[in-house]
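> upload-v3.cif is the file, holding mmCIF, C-alpha atoms:
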data_structure
loop_
_atom_site.label_atom_id
_atom_site.label_comp_id
_atom_site.auth_asym_id
_atom_site.auth_seq_id
_atom_site.Cartn_x
_atom_site.Cartn_y
_atom_site.Cartn_z
CA GLY A 226 268.51 150.94 394.37
CA GLN A 227 269.76 153.08 391.55
CA ASN A 228 273.36 153.75 390.52
CA ILE A 229 273.92 156.29 387.78
CA ASP A 230 277.36 157.29 386.56
CA GLN A 231 278.44 160.08 384.26
CA PRO A 232 281.73 161.97 383.85
CA THR A 233 282.25 164.96 386.06
CA GLU A 234 283.59 167.40 383.51
CA MET A 235 284.12 167.78 379.77
CA THR A 236 285.61 170.59 377.73
CA ALA A 237 285.10 171.20 374.03
CA THR A 238 285.59 173.89 371.42
CA GLU A 239 282.83 176.02 369.93
CA GLY A 240 281.44 174.32 366.82
CA ALA A 241 282.65 170.88 367.87
CA ILE A 242 280.73 167.80 369.03
CA VAL A 243 280.66 166.41 372.55
CA GLN A 244 279.25 163.09 373.73
CA ILE A 245 278.26 162.67 377.37
CA ASN A 246 277.96 159.07 378.49
CA CYS A 247 275.71 157.78 381.22
CA THR A 248 275.65 154.25 382.61
CA TYR A 249 273.05 153.02 385.02
CA GLN A 250 272.24 150.06 387.20
CA THR A 251 268.67 150.25 388.39
CA SER A 252 265.98 148.09 389.87
CA GLY A 253 263.72 148.20 386.84
CA PHE A 254 263.63 150.75 384.04
CA ASN A 255 260.90 153.03 382.75
CA GLY A 256 262.70 155.73 380.85
CA LEU A 257 265.85 157.82 380.84
CA PHE A 258 265.89 161.60 380.82
CA TRP A 259 268.51 164.21 380.08
CA TYR A 260 268.25 167.64 381.66
CA GLN A 261 270.33 170.77 381.14
CA GLN A 262 271.10 172.98 384.11
CA HIS A 263 272.82 176.34 383.82
CA ALA A 264 274.57 177.57 386.93
CA GLY A 265 272.08 178.89 389.46
CA GLU A 266 269.08 177.92 387.37
CA ALA A 267 266.50 175.13 387.32
CA PRO A 268 267.09 171.98 385.28
CA THR A 269 265.28 172.03 381.93
CA PHE A 270 264.15 168.95 380.04
CA LEU A 271 266.17 167.98 376.97
CA SER A 272 265.27 164.46 375.96
CA TYR A 273 263.57 161.20 376.88
CA ASN A 274 264.37 157.65 375.80
CA VAL A 275 262.41 154.57 376.76
CA LEU A 276 263.12 152.38 373.72
CA ASP A 277 266.52 151.48 372.32
CA GLY A 278 267.90 153.76 369.67
CA LEU A 279 268.61 157.35 368.84
CA GLU A 280 266.29 160.28 369.41
CA GLU A 281 267.29 163.41 367.52
CA LYS A 282 266.11 166.88 368.41
CA GLY A 283 267.92 169.63 366.56
CA ARG A 284 271.53 169.90 367.70
CA PHE A 285 270.92 167.45 370.54
CA SER A 286 270.55 163.69 370.21
CA SER A 287 270.16 161.03 372.86
CA PHE A 288 270.83 157.32 372.55
CA LEU A 289 269.74 154.41 374.71
CA SER A 290 270.76 150.78 374.99
CA ARG A 291 268.70 149.08 377.68
CA SER A 292 270.63 145.81 377.49
CA LYS A 293 273.86 147.65 378.23
CA GLY A 294 272.40 150.10 380.74
CA TYR A 295 273.90 152.89 378.68
CA SER A 296 272.89 156.21 377.24
CA TYR A 297 274.64 159.14 375.72
CA LEU A 298 273.73 162.73 374.96
CA LEU A 299 275.32 164.14 371.81
CA LEU A 300 275.68 167.88 371.46
CA LYS A 301 276.55 169.05 367.95
CA GLU A 302 277.71 172.43 366.64
CA LEU A 303 278.52 173.51 370.16
CA GLN A 304 277.72 177.07 371.14
CA MET A 305 278.97 179.05 374.13
CA LYS A 306 275.47 178.95 375.62
CA ASP A 307 275.73 175.15 375.81
CA SER A 308 278.13 175.53 378.72
CA ALA A 309 276.11 173.97 381.53
CA SER A 310 275.68 170.86 383.64
CA TYR A 311 273.95 167.93 381.95
CA LEU A 312 272.03 165.58 384.21
CA CYS A 313 271.18 161.98 383.39
CA ALA A 314 268.12 160.67 385.24
CA VAL A 315 266.46 157.26 385.27
CA ARG A 316 262.88 156.38 386.19
CA GLY A 317 262.45 152.90 387.62
CA SER A 318 259.65 150.58 386.54
CA ASN A 319 256.34 151.13 388.33
CA ASP A 320 257.98 154.18 389.81
CA TYR A 321 257.71 157.89 389.40
CA LYS A 322 260.83 159.09 391.11
CA LEU A 323 263.76 160.13 389.02
CA SER A 324 267.20 159.05 390.18
CA PHE A 325 269.79 161.54 389.03
CA GLY A 326 273.45 161.22 388.26
CA ALA A 327 275.76 163.88 389.70
CA GLY A 328 275.83 165.74 386.39
CA THR A 329 278.47 166.48 383.77
CA THR A 330 279.75 170.03 383.56
CA VAL A 331 280.44 170.94 379.95
CA THR A 332 282.60 173.95 379.23
CA VAL A 333 282.60 175.31 375.70
CA ARG A 334 285.66 177.35 374.75
CA ALA A 335 286.05 179.75 371.85
CA GLY B 133 251.72 179.71 380.68
CA ALA B 134 253.48 180.26 383.98
CA GLY B 135 256.06 177.75 385.05
CA VAL B 136 256.77 176.32 388.48
CA SER B 137 257.49 179.06 390.99
CA GLN B 138 259.21 178.82 394.35
CA SER B 139 259.68 181.18 397.24
CA PRO B 140 261.80 182.48 398.74
CA SER B 141 264.60 182.34 396.19
CA ASN B 142 267.18 182.61 398.95
CA LYS B 143 266.92 181.94 402.65
CA VAL B 144 269.60 182.39 405.28
CA THR B 145 268.73 181.06 408.70
CA GLU B 146 270.43 180.31 411.97
CA LYS B 147 271.02 176.76 413.07
CA GLY B 148 268.07 175.51 415.09
CA LYS B 149 265.46 177.70 413.44
CA ASP B 150 262.52 176.36 411.40
CA VAL B 151 262.09 177.27 407.74
CA GLU B 152 259.21 176.90 405.31
CA LEU B 153 259.70 176.71 401.56
CA ARG B 154 256.87 177.17 399.10
CA CYS B 155 256.18 175.73 395.65
CA ASP B 156 253.48 176.70 393.15
CA PRO B 157 253.22 174.01 390.47
CA ILE B 158 252.06 174.47 386.89
CA SER B 159 248.28 174.64 386.77
CA GLY B 160 246.81 171.26 385.90
CA HIS B 161 249.83 169.26 386.97
CA THR B 162 248.70 166.57 389.37
CA ALA B 163 252.15 165.35 390.39
CA LEU B 164 254.54 167.39 392.52
CA TYR B 165 258.06 166.51 393.65
CA TRP B 166 260.63 167.99 396.01
CA TYR B 167 264.35 167.44 395.47
CA ARG B 168 267.48 168.61 397.26
CA GLN B 169 270.68 169.51 395.44
CA ARG B 170 273.85 169.94 397.43
CA LEU B 171 276.70 171.88 395.87
CA GLY B 172 278.26 169.95 393.02
CA GLN B 173 275.96 166.99 393.43
CA GLY B 174 272.98 165.53 391.65
CA LEU B 175 269.38 165.91 392.68
CA GLU B 176 268.21 163.89 395.67
CA PHE B 177 264.54 162.90 395.78
CA LEU B 178 262.72 163.98 398.95
CA ILE B 179 258.95 163.59 398.59
CA TYR B 180 256.24 163.15 395.97
CA PHE B 181 252.53 164.07 395.84
CA GLN B 182 249.99 162.74 393.32
CA GLY B 183 246.45 164.05 393.54
CA ASN B 184 244.73 162.87 396.70
CA SER B 185 246.91 159.79 397.14
CA ALA B 186 249.12 159.42 400.18
CA PRO B 187 252.46 161.11 399.53
CA ASP B 188 255.66 159.12 399.12
CA LYS B 189 257.90 160.42 401.89
CA SER B 190 260.60 157.82 401.44
CA GLY B 191 263.27 160.36 400.50
CA LEU B 192 262.92 162.63 403.51
CA PRO B 193 266.27 162.47 405.33
CA SER B 194 264.91 162.84 408.87
CA ASP B 195 261.77 163.56 410.86
CA ARG B 196 262.77 167.23 410.91
CA PHE B 197 261.56 167.36 407.30
CA SER B 198 257.88 167.45 406.40
CA ALA B 199 255.79 168.58 403.47
CA GLU B 200 252.18 169.30 402.72
CA ARG B 201 250.12 169.86 399.62
CA THR B 202 246.54 170.99 399.41
CA GLY B 203 244.78 169.23 396.54
CA GLU B 204 246.64 169.89 393.32
CA SER B 205 247.94 173.30 394.29
CA VAL B 206 250.61 174.81 396.47
CA SER B 207 253.04 172.71 398.46
CA THR B 208 255.18 173.67 401.42
CA LEU B 209 258.33 171.95 402.63
CA THR B 210 259.14 172.56 406.29
CA ILE B 211 262.48 171.93 407.93
CA GLN B 212 262.49 172.09 411.70
CA ARG B 213 265.51 172.77 413.87
CA THR B 214 267.71 173.36 410.83
CA GLN B 215 271.26 172.01 410.77
CA GLN B 216 274.21 173.15 408.70
CA GLU B 217 274.03 170.00 406.60
CA ASP B 218 270.57 171.14 405.45
CA SER B 219 272.24 173.88 403.41
CA ALA B 220 271.38 173.16 399.77
CA VAL B 221 269.15 174.21 396.91
CA TYR B 222 265.65 172.81 397.30
CA LEU B 223 263.97 172.24 393.95
CA CYS B 224 260.32 171.62 393.29
CA ALA B 225 259.02 170.01 390.11
CA SER B 226 255.60 169.18 388.71
CA SER B 227 254.32 166.97 385.92
CA LEU B 228 251.01 166.08 384.29
CA GLN B 229 251.05 162.72 385.97
CA ALA B 230 253.60 160.59 387.64
CA ARG B 231 253.15 156.99 386.76
CA THR B 232 253.56 156.01 383.16
CA SER B 233 255.13 153.45 380.93
CA GLY B 234 256.48 153.95 377.45
CA THR B 235 255.59 157.27 375.88
CA PRO B 236 254.77 160.04 376.49
CA SER B 237 257.42 161.03 378.91
CA TYR B 238 255.43 163.22 381.31
CA GLU B 239 258.63 165.04 382.02
CA GLN B 240 259.05 167.01 385.20
CA TYR B 241 259.22 170.79 385.03
CA PHE B 242 261.43 172.35 387.65
CA GLY B 243 261.14 175.59 389.55
CA PRO B 244 264.12 177.90 390.09
CA GLY B 245 264.74 176.51 393.56
CA THR B 246 265.25 177.96 397.01
CA ARG B 247 268.86 178.31 398.11
CA LEU B 248 268.94 177.58 401.84
CA THR B 249 271.96 178.55 403.90
CA VAL B 250 272.10 177.52 407.56
CA THR B 251 274.68 179.44 409.55
#
Please express what this file holds, its structure, as structure tokens.


Amino acid sequence: GQNIDQPTEMTATEGAIVQINCTYQTSGFNGLFWYQQHAGEAPTFLSYNVLDGLEEKGRFSSFLSRSKGYSYLLLKELQMKDSASYLCAVRGSNDYKLSFGAGTTVTVRA
Amino acid sequence: GAGVSQSPSNKVTEKGKDVELRCDPISGHTALYWYRQRLGQGLEFLIYFQGNSAPDKSGLPSDRFSAERTGESVSTLTIQRTQQEDSAVYLCASSLQARTSGTPSYEQYFGPGTRLTVT
């Protein structure tokens, strides 16, 4: 089975940096995804990590350590529009299903 | 191009009634997934289709749930004899292909969902 944990809520100030951690225990591993979901909308793809290390994409970066079963999503220069839920999802080896964490709601304050 | 579309966007039904939810995937995407998202919770996998292969129904919560897909096009999710615990947002996603290792990611693209309320 899959067990994916991430904090429920985080609050940060506009212009600041926030790091959302995700830990997972899965039967096999074939990639970790981060999705952003605004209230009432569909999740949208942010990043994908399958090898250890940091993937940077503009203001967003994602890190993976497979040996530790750990990932984080780093949001820099926070903007009000970044207020959303951030979902960590893991794909098991030889599998296609994504197992999702419950999501972290990030609130950006002025 | 057009993204994943779902209909209806909202559905209110009485307990015991049947409902049918529709998903139109992105053209050319061979893999299609259905998920359920209860309020404040993560996405729960329901069923997966890949081309003409037998679907993976392992996530369907009961035999009241069924889904069909014709080829690589539209899919419908049917819930019979709805119960209040079926109230949730039902999300459909599609991807170029499902099974992969390493890169690329073949990420899933999600539709806007159908919000189902069973009264």

> Can you work out the spacing between CA of Tyr295 (chain A) and CA of Gln173 (chain B) in Å, to one decimal?

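Going from CA of Tyr295 (chain A) over to CA of Gln173 (chain B) covers 20.5 Å.
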
> Would you mind listing, as an NGL selection string, all residues of chain B that have at least one atom within 12 Å of chain A, where all atoms listed in the file are what counts?

:B and (135-138 or 141-142 or 163-182 or 187-191 or 220-247)

> Just the residues within 8 Å of Arg154 (chain B), please, counting all atoms listed in the file, with nothing from its chain fewer than 6 positions along; format it as a list in words.

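Final neighbour list, sorted by chain and number: Gln138, Ser139, Pro140, Val206, Ser207, Thr208 and Leu209 of chain B.
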
> Distance CA of Leu289 (chain A)-CA of Ile158 (chain B), one decimal place?

29.4 Å

> I'd like the contact shell of Val144 (chain B) - 7 Å cut-off, only C-alpha atoms, skipping same-chain residues fewer than 5 positions apart - returned as JSON, numbers by chain.

{"B": [248, 249, 250]}

> One decimal, Å: what's the distance from CA of Met235 (chain A) over to CA of Tyr249 (chain A), could you say?

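Result for CA of Met235 (chain A) versus CA of Tyr249 (chain A): 19.2 Å, one decimal.
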
> As a ChimeraX atom specification, please: the residues near Asn246 (chain A) (cut-off 9 Å, all atoms listed in the file, same-chain neighbours under 2 positions excluded).

/A:230-232,244,248,295-299,313

> Can you list what the PyMOL selection byres ((chain B and resi 212) around 8) grabs from this structure, as a list in words?

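That selection, the PyMOL selection byres ((chain B and resi 212) around 8), comes back as Gly148, Lys149, Asp150, Val151, Arg196, Phe197, Thr210, Ile211, Arg213 and Thr214 of chain B.
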
> Considering all atoms listed in the file, return as a ChimeraX atom specification whatever protein or nucleic-acid residues lie within 8 Å of Glu302 (chain A), sequence-local ones (same chain, fewer than 2 positions apart) excluded.

/A:239-242,284,300,304
